[in-house]
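Worksheet: the structure to be examined is printed underneath.
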Amino acid sequence: MAAPPPADESPPPIPPPPPLGTGHNPPDSAGVDSCSSKKQVLIRPVWSKNLEYEFSLISREIDRHPFVSMDTEFPGVVFRHHHHYSDPLDHYQTLKSNVDALKLIQVGITLSDAFGNLPDLGCPDSVYIWEFNFREFDSSRDDHAPSSIELLRNQGIDFDYTHKFGVSIFRFSELMMSSGLLCNENVTYITFHSGYDFGYLIKAITGKTLPESLPEFLNLMKVFFGNRVYDVKHLMKFCQGLHGGLDRVAKSLGIHRAVGKCHQAGSDSLLTWHAFEKLRAVYFSNDGKEDALPEQYAGVLYGLEASNP
């Protein structure tokens with residue numbers, strides 16, 4: 001979350017470096033997930049000044065924590081469907097129109113291992129997730145949905161501050177390419193209703209507008225993010241009694257937000273991971289194996305299902 005600017009508008013404080021050590025603890029012998037961990041979850045806010053350092057931490061941890069839960073915040077939706085219900089091709093064209101016209105505000109990343117343990121970076125009492133704040137969006141000049149910007153502002157995002165001290169999307173995409181987060185067959189992505197999330201990331205990575213067709217978009221997603229991408233909103237179709245957005249689903253599953261607020265990308269990425277863990281254990285366990293992955297649902301994004309290759 002972007003903190004309110006001090007009077008002198010000095011750069012934001014940088015999270016302290018982790019202590020010396022490997023930053024690797026063995027999983028709990030009981031295999032409990034991070035929901036029941038006693039460690040405090042802290043968000044590491046990422047700005048221009050600490051971008052390289054934070055990516056170095058992610059690169060160090062990605063092999064031990066290959067589950068990547070991701071969320072984004074963006075300036076709402078300014079183009080909408082002509083009809084309430086539309087097929088995936090129509091939905092993609094609306095998504096493309098919005099992503100091409102608008103600018104990314106935040107990306108949240110939660111890393112986890114197969115046991116639900118988050119990186120502790122060598123700290124005995126804390127585990128960490130990341131929240132990247134981008135400088136490109138100017139609320140006074142750029143297109144946006146006013147209600148969405150007001151919502152994000154109420155949740156604590158200071159747009160003037162972020163515009164001044166935030167991360168360059170170009171530099172972010174360069175470092176993301178070399179971080180191990182992309183083009184890595186060992187990584188599994190966990191998301192919630194993530195067509196727009198992947199749209200903004202693909203736009204950032206390629207430096208171009210999105211492809212003209214949905215099959216081209218899905219192919220690029222597969223190239224960068226691999227075959228193991230799970231959209232919790234899509235999985236909910238196969239879970240009786242689960243409906244609504246992320247917060248409603250978390251409440252239905254008995255999950256509490258561990259840190260931050262809704263509509264903050266770091267916090268939402270962690271809640272998405274916890275929702276996936278619980279949903280997987282309750283609805284998709286295989287012969288009692290709670291870590292079983294519903295492979296047949298991989299690579300399908302909610303709203304873009306029908307034309308998925």
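Following the order of the structure tokens, first chain is A, next is B, and so on, with residues numbered from 1 inside each chain and ligands from 1 in the order they appear.
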Within 7 Å of segment 129-143 of chain A: each segment 43-123 of chain A residue with its shortest pair, only C-alpha atoms, as JSON lines:
```
{"residue": "A:Ile43", "atom": "CA", "partner": "A:Ile129", "partner_atom": "CA", "distance": 5.0}
{"residue": "A:Arg44", "atom": "CA", "partner": "A:Trp130", "partner_atom": "CA", "distance": 4.8}
{"residue": "A:Pro45", "atom": "CA", "partner": "A:Glu131", "partner_atom": "CA", "distance": 4.9}
{"residue": "A:Val46", "atom": "CA", "partner": "A:Phe132", "partner_atom": "CA", "distance": 4.6}
{"residue": "A:Trp47", "atom": "CA", "partner": "A:Asn133", "partner_atom": "CA", "distance": 6.0}
{"residue": "A:Leu102", "atom": "CA", "partner": "A:Asp143", "partner_atom": "CA", "distance": 6.2}
{"residue": "A:Lys103", "atom": "CA", "partner": "A:Phe137", "partner_atom": "CA", "distance": 5.6}
{"residue": "A:Leu104", "atom": "CA", "partner": "A:Phe134", "partner_atom": "CA", "distance": 6.8}
{"residue": "A:Ile105", "atom": "CA", "partner": "A:Phe134", "partner_atom": "CA", "distance": 5.3}
{"residue": "A:Gln106", "atom": "CA", "partner": "A:Asn133", "partner_atom": "CA", "distance": 4.8}
{"residue": "A:Val107", "atom": "CA", "partner": "A:Phe132", "partner_atom": "CA", "distance": 5.1}
{"residue": "A:Gly108", "atom": "CA", "partner": "A:Glu131", "partner_atom": "CA", "distance": 4.5}
{"residue": "A:Ile109", "atom": "CA", "partner": "A:Trp130", "partner_atom": "CA", "distance": 5.1}
{"residue": "A:Thr110", "atom": "CA", "partner": "A:Ile129", "partner_atom": "CA", "distance": 4.9}
{"residue": "A:Leu111", "atom": "CA", "partner": "A:Ile129", "partner_atom": "CA", "distance": 6.9}
```
Those same residues, written as a JSON list (two decimals), in the first residue's frame with C-alpha atoms?
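Output contents, as saved in part.json:
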```json
[["chain", "number", "residue", "atom", "x", "y", "z"],
["A", 43, "ILE", "CA", 3.86, -6.61, 2.81],
["A", 44, "ARG", "CA", 7.08, -5.42, 1.18],
["A", 45, "PRO", "CA", 6.09, -2.26, -0.77],
["A", 46, "VAL", "CA", 8.16, -1.90, -3.94],
["A", 47, "TRP", "CA", 9.09, 1.52, -5.33],
["A", 102, "LEU", "CA", -5.51, 2.18, -19.36],
["A", 103, "LYS", "CA", -2.43, 1.94, -17.14],
["A", 104, "LEU", "CA", -1.46, -0.49, -14.42],
["A", 105, "ILE", "CA", -1.44, 0.77, -10.82],
["A", 106, "GLN", "CA", -0.30, -2.16, -8.65],
["A", 107, "VAL", "CA", 0.82, -5.78, -8.86],
["A", 108, "GLY", "CA", 0.74, -8.03, -5.82],
["A", 109, "ILE", "CA", 2.78, -11.24, -5.61],
["A", 110, "THR", "CA", 2.64, -13.96, -2.99],
["A", 111, "LEU", "CA", 5.16, -16.81, -3.18]]
```
task = List every residue of segment 50-200 of chain A that DSSP, applied to the backbone, labels as strand (DSSP E or B), and write the result as a ChimeraX atom specification.
result = /A:67-73,106-112,126-134,167,188-191
Write to file, as a PDB file, in the first residue's frame, the residues of the selection just made, with C-alpha atoms.
```pdb
ATOM      1  CA  PHE A  67       3.544 -21.183  -6.341  1.00  0.00           C
ATOM      2  CA  VAL A  68       2.910 -17.587  -7.427  1.00  0.00           C
ATOM      3  CA  SER A  69      -0.375 -15.978  -6.446  1.00  0.00           C
ATOM      4  CA  MET A  70      -0.872 -12.749  -8.362  1.00  0.00           C
ATOM      5  CA  ASP A  71      -3.300  -9.822  -8.334  1.00  0.00           C
ATOM      6  CA  THR A  72      -3.373  -6.401  -9.975  1.00  0.00           C
ATOM      7  CA  GLU A  73      -5.064  -3.060  -9.422  1.00  0.00           C
ATOM      8  CA  GLN A 106      -0.297  -2.162  -8.653  1.00  0.00           C
ATOM      9  CA  VAL A 107       0.824  -5.778  -8.859  1.00  0.00           C
ATOM     10  CA  GLY A 108       0.742  -8.035  -5.824  1.00  0.00           C
ATOM     11  CA  ILE A 109       2.782 -11.237  -5.609  1.00  0.00           C
ATOM     12  CA  THR A 110       2.637 -13.962  -2.986  1.00  0.00           C
ATOM     13  CA  LEU A 111       5.159 -16.813  -3.179  1.00  0.00           C
ATOM     14  CA  SER A 112       4.526 -20.140  -1.470  1.00  0.00           C
ATOM     15  CA  SER A 126       7.801 -12.881   9.840  1.00  0.00           C
ATOM     16  CA  VAL A 127       6.972 -13.978   6.316  1.00  0.00           C
ATOM     17  CA  TYR A 128       6.700 -11.673   3.327  1.00  0.00           C
ATOM     18  CA  ILE A 129       4.656 -10.849   0.241  1.00  0.00           C
ATOM     19  CA  TRP A 130       5.258  -8.111  -2.355  1.00  0.00           C
ATOM     20  CA  GLU A 131       3.316  -5.117  -3.660  1.00  0.00           C
ATOM     21  CA  PHE A 132       4.654  -3.195  -6.689  1.00  0.00           C
ATOM     22  CA  ASN A 133       3.498   0.413  -7.135  1.00  0.00           C
ATOM     23  CA  PHE A 134       3.702   1.878 -10.661  1.00  0.00           C
ATOM     24  CA  VAL A 167       8.207   1.746 -10.365  1.00  0.00           C
ATOM     25  CA  THR A 188       2.331 -22.517 -10.864  1.00  0.00           C
ATOM     26  CA  TYR A 189       0.207 -19.333 -11.023  1.00  0.00           C
ATOM     27  CA  ILE A 190      -2.822 -18.858  -8.763  1.00  0.00           C
ATOM     28  CA  THR A 191      -5.260 -16.043  -9.591  1.00  0.00           C
TER      29      THR A 191
END
```
note = Residue with the minimum atom-to-atom distance to Lys39 of chain A, picked from A:Leu271, A:Leu242, A:Leu175, A:Val259 with only C-alpha atoms counted, is A:Val259
message = If we count only C-alpha atoms and set the cut-off at 9 Å, which residues sit around Ser97 of chain A, ignoring sequence neighbours fewer than 3 positions away in its own chain? Please answer as number ranges by chain.
response = A: 78-79, 92-94, 100-102, 210
Taking N, CA and C atoms for each residue, export the selection above as a PDB file, in the first residue's frame.
```pdb
ATOM      1  N   VAL A  78     -13.532   1.262 -18.563  1.00  0.00           N
ATOM      2  CA  VAL A  78     -14.142   2.403 -19.246  1.00  0.00           C
ATOM      3  C   VAL A  78     -14.906   1.988 -20.501  1.00  0.00           C
ATOM      4  N   PHE A  79     -14.665   0.767 -20.981  1.00  0.00           N
ATOM      5  CA  PHE A  79     -15.435   0.203 -22.095  1.00  0.00           C
ATOM      6  C   PHE A  79     -16.166  -1.020 -21.582  1.00  0.00           C
ATOM      7  N   TYR A  92     -13.219 -10.860 -24.604  1.00  0.00           N
ATOM      8  CA  TYR A  92     -11.814 -10.518 -24.835  1.00  0.00           C
ATOM      9  C   TYR A  92     -11.681  -9.168 -25.523  1.00  0.00           C
ATOM     10  N   GLN A  93     -12.544  -8.870 -26.478  1.00  0.00           N
ATOM     11  CA  GLN A  93     -12.441  -7.586 -27.173  1.00  0.00           C
ATOM     12  C   GLN A  93     -12.674  -6.421 -26.215  1.00  0.00           C
ATOM     13  N   THR A  94     -13.597  -6.588 -25.275  1.00  0.00           N
ATOM     14  CA  THR A  94     -13.809  -5.549 -24.270  1.00  0.00           C
ATOM     15  C   THR A  94     -12.596  -5.437 -23.361  1.00  0.00           C
ATOM     16  N   ASP A 100      -5.648  -1.889 -23.333  1.00  0.00           N
ATOM     17  CA  ASP A 100      -4.880  -1.062 -24.261  1.00  0.00           C
ATOM     18  C   ASP A 100      -4.952   0.415 -23.890  1.00  0.00           C
ATOM     19  N   ALA A 101      -6.090   0.853 -23.347  1.00  0.00           N
ATOM     20  CA  ALA A 101      -6.305   2.281 -23.090  1.00  0.00           C
ATOM     21  C   ALA A 101      -5.836   2.732 -21.711  1.00  0.00           C
ATOM     22  N   LEU A 102      -5.746   1.813 -20.753  1.00  0.00           N
ATOM     23  CA  LEU A 102      -5.513   2.181 -19.358  1.00  0.00           C
ATOM     24  C   LEU A 102      -4.129   1.754 -18.884  1.00  0.00           C
ATOM     25  N   LEU A 210      -2.468  -5.440 -26.670  1.00  0.00           N
ATOM     26  CA  LEU A 210      -2.754  -6.871 -26.654  1.00  0.00           C
ATOM     27  C   LEU A 210      -3.032  -7.387 -28.067  1.00  0.00           C
TER      28      LEU A 210
END
```
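For the set A:Leu218, A:Ile169, A:Val77, A:Cys183, the residue with the smallest atom-to-atom gap to Ile149 of chain A is A:Val77, counting only C-alpha atoms.
Nearest-residue note for Asp113 of chain A: choosing from A:Val282, A:Asp247, A:Thr209, A:His65, the minimum distance belongs to A:His65, counting only C-alpha atoms.
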request  = DSSP on the backbone, then: every residue of segment 21-215 of chain A marked helix (DSSP H, G or I), written as a ChimeraX atom specification.
outcome  = /A:34-36,48-61,88-101,146-154,159-165,169-177,195-206,214-215
inquiry  = Quick one: residues within 8 Å of segment 298-304 of chain A, only C-alpha atoms, excluding same-chain residues fewer than 5 positions away - as an NGL selection string?
reply    = :A and (87-89 or 91-92 or 193-195 or 222 or 227-231 or 233-234)
Could you please take those selected residues and save all heavy atoms as a CSV table (one decimal), in the first residue's frame?
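Result saved to selection.csv:
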```csv
chain,number,residue,atom,x,y,z
A,87,ASP,N,-20.1,-13.9,-25.2
A,87,ASP,CA,-19.2,-15.1,-25.3
A,87,ASP,C,-17.8,-14.6,-25.1
A,87,ASP,O,-17.5,-13.5,-25.0
A,87,ASP,CB,-19.4,-15.8,-26.7
A,87,ASP,CG,-19.0,-14.9,-27.9
A,87,ASP,OD1,-18.1,-14.0,-27.7
A,87,ASP,OD2,-19.5,-15.1,-29.0
A,88,PRO,N,-16.9,-15.6,-25.0
A,88,PRO,CA,-15.5,-15.3,-24.7
A,88,PRO,C,-14.8,-14.3,-25.7
A,88,PRO,O,-14.0,-13.5,-25.3
A,88,PRO,CB,-14.8,-16.6,-24.6
A,88,PRO,CG,-15.9,-17.6,-24.2
A,88,PRO,CD,-17.1,-17.1,-24.9
A,89,LEU,N,-15.2,-14.5,-26.9
A,89,LEU,CA,-14.6,-13.6,-28.0
A,89,LEU,C,-15.0,-12.1,-27.7
A,89,LEU,O,-14.1,-11.2,-27.8
A,89,LEU,CB,-15.0,-14.0,-29.4
A,89,LEU,CG,-14.5,-15.4,-29.8
A,89,LEU,CD1,-15.1,-15.8,-31.2
A,89,LEU,CD2,-13.0,-15.5,-29.7
A,91,HIS,N,-16.0,-10.9,-24.8
A,91,HIS,CA,-15.4,-10.5,-23.6
A,91,HIS,C,-13.9,-10.1,-23.8
A,91,HIS,O,-13.5,-9.1,-23.2
A,91,HIS,CB,-15.5,-11.7,-22.6
A,91,HIS,CG,-14.9,-11.4,-21.2
A,91,HIS,ND1,-15.4,-10.5,-20.4
A,91,HIS,CD2,-13.7,-11.8,-20.7
A,91,HIS,CE1,-14.7,-10.4,-19.3
A,91,HIS,NE2,-13.6,-11.2,-19.4
A,92,TYR,N,-13.2,-10.9,-24.6
A,92,TYR,CA,-11.8,-10.5,-24.8
A,92,TYR,C,-11.7,-9.2,-25.5
A,92,TYR,O,-10.8,-8.4,-25.2
A,92,TYR,CB,-11.1,-11.6,-25.7
A,92,TYR,CG,-9.7,-11.2,-26.0
A,92,TYR,CD1,-8.7,-11.1,-25.0
A,92,TYR,CD2,-9.4,-10.8,-27.3
A,92,TYR,CE1,-7.4,-10.7,-25.3
A,92,TYR,CE2,-8.1,-10.3,-27.6
A,92,TYR,CZ,-7.1,-10.3,-26.6
A,92,TYR,OH,-5.8,-9.9,-26.9
A,193,HIS,N,-10.3,-14.5,-11.1
A,193,HIS,CA,-10.9,-13.7,-12.2
A,193,HIS,C,-9.9,-12.9,-12.9
A,193,HIS,O,-10.0,-11.7,-13.0
A,193,HIS,CB,-12.0,-12.9,-11.6
A,193,HIS,CG,-13.1,-12.4,-12.6
A,193,HIS,ND1,-14.2,-11.8,-12.2
A,193,HIS,CD2,-13.1,-12.5,-13.9
A,193,HIS,CE1,-15.0,-11.6,-13.3
A,193,HIS,NE2,-14.3,-12.0,-14.3
A,194,SER,N,-8.9,-13.5,-13.5
A,194,SER,CA,-7.7,-12.9,-13.9
A,194,SER,C,-7.4,-12.6,-15.3
A,194,SER,O,-6.3,-12.3,-15.7
A,194,SER,CB,-6.5,-13.8,-13.4
A,194,SER,OG,-6.7,-15.1,-13.9
A,195,GLY,N,-8.5,-12.5,-16.1
A,195,GLY,CA,-8.2,-12.1,-17.5
A,195,GLY,C,-7.6,-10.7,-17.6
A,195,GLY,O,-6.6,-10.5,-18.3
A,222,LYS,N,0.3,-18.6,-22.3
A,222,LYS,CA,1.0,-19.9,-22.1
A,222,LYS,C,2.5,-19.8,-22.2
A,222,LYS,O,3.3,-20.4,-21.5
A,222,LYS,CB,0.4,-20.9,-23.1
A,222,LYS,CG,1.0,-22.3,-23.0
A,222,LYS,CD,0.3,-23.3,-24.0
A,222,LYS,CE,0.8,-24.7,-23.8
A,222,LYS,NZ,0.2,-25.6,-24.8
A,227,ASN,N,1.8,-23.7,-18.4
A,227,ASN,CA,0.6,-24.4,-18.5
A,227,ASN,C,-0.2,-24.5,-17.2
A,227,ASN,O,-1.4,-24.7,-17.2
A,227,ASN,CB,0.9,-25.9,-18.9
A,227,ASN,CG,1.4,-26.0,-20.3
A,227,ASN,OD1,0.9,-25.3,-21.2
A,227,ASN,ND2,2.5,-26.7,-20.5
A,228,ARG,N,0.5,-24.2,-16.1
A,228,ARG,CA,-0.1,-24.4,-14.7
A,228,ARG,C,-0.6,-23.0,-14.2
A,228,ARG,O,0.1,-22.4,-13.4
A,228,ARG,CB,0.8,-25.1,-13.8
A,228,ARG,CG,1.1,-26.5,-14.1
A,228,ARG,CD,1.6,-27.3,-12.9
A,228,ARG,NE,2.9,-26.8,-12.4
A,228,ARG,CZ,4.1,-27.3,-12.8
A,228,ARG,NH1,4.1,-28.2,-13.7
A,228,ARG,NH2,5.2,-26.8,-12.3
A,229,VAL,N,-1.7,-22.6,-14.7
A,229,VAL,CA,-2.3,-21.3,-14.3
A,229,VAL,C,-3.7,-21.7,-13.8
A,229,VAL,O,-4.5,-22.3,-14.6
A,229,VAL,CB,-2.4,-20.3,-15.5
A,229,VAL,CG1,-3.2,-19.1,-15.1
A,229,VAL,CG2,-1.0,-19.9,-15.9
A,230,TYR,N,-4.1,-21.3,-12.6
A,230,TYR,CA,-5.4,-21.7,-12.0
A,230,TYR,C,-6.1,-20.4,-11.7
A,230,TYR,O,-5.5,-19.5,-11.0
A,230,TYR,CB,-5.2,-22.5,-10.8
A,230,TYR,CG,-4.7,-23.9,-11.1
A,230,TYR,CD1,-3.3,-24.2,-11.0
A,230,TYR,CD2,-5.5,-24.9,-11.4
A,230,TYR,CE1,-2.8,-25.4,-11.3
A,230,TYR,CE2,-5.1,-26.2,-11.7
A,230,TYR,CZ,-3.7,-26.4,-11.7
A,230,TYR,OH,-3.2,-27.7,-12.0
A,231,ASP,N,-7.3,-20.2,-12.2
A,231,ASP,CA,-8.2,-19.1,-11.9
A,231,ASP,C,-9.2,-19.6,-10.9
A,231,ASP,O,-10.1,-20.4,-11.3
A,231,ASP,CB,-8.8,-18.6,-13.2
A,231,ASP,CG,-9.6,-17.3,-13.0
A,231,ASP,OD1,-10.1,-17.1,-11.8
A,231,ASP,OD2,-9.7,-16.5,-13.9
A,233,LYS,N,-11.8,-18.2,-9.7
A,233,LYS,CA,-13.2,-17.9,-10.1
A,233,LYS,C,-13.7,-19.0,-11.1
A,233,LYS,O,-14.9,-19.4,-11.1
A,233,LYS,CB,-13.2,-16.6,-10.8
A,233,LYS,CG,-14.6,-16.1,-11.2
A,233,LYS,CD,-15.5,-15.7,-10.1
A,233,LYS,CE,-16.7,-15.0,-10.5
A,233,LYS,NZ,-17.7,-14.8,-9.4
A,234,HIS,N,-12.8,-19.5,-11.9
A,234,HIS,CA,-13.2,-20.6,-12.8
A,234,HIS,C,-13.4,-21.9,-12.0
A,234,HIS,O,-14.4,-22.6,-12.2
A,234,HIS,CB,-12.2,-20.9,-13.9
A,234,HIS,CG,-12.4,-22.1,-14.8
A,234,HIS,ND1,-13.5,-22.1,-15.6
A,234,HIS,CD2,-11.8,-23.3,-14.8
A,234,HIS,CE1,-13.5,-23.3,-16.3
A,234,HIS,NE2,-12.5,-24.0,-15.8
```
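The space between atom CA of Pro75 of chain A and atom CA of His144 of chain A spans 4.9 Å.
Residue nearest Leu121 of chain A within the list A:Leu57, A:Leu152, A:Leu279, A:Ile62: A:Leu57 [criterion: smallest interatomic distance, only C-alpha atoms].
If only C-alpha atoms are the atoms counted, then among A:Gly241, A:Leu246, A:Tyr196, A:Ser173 the closest residue to Ser267 of chain A is A:Leu246.
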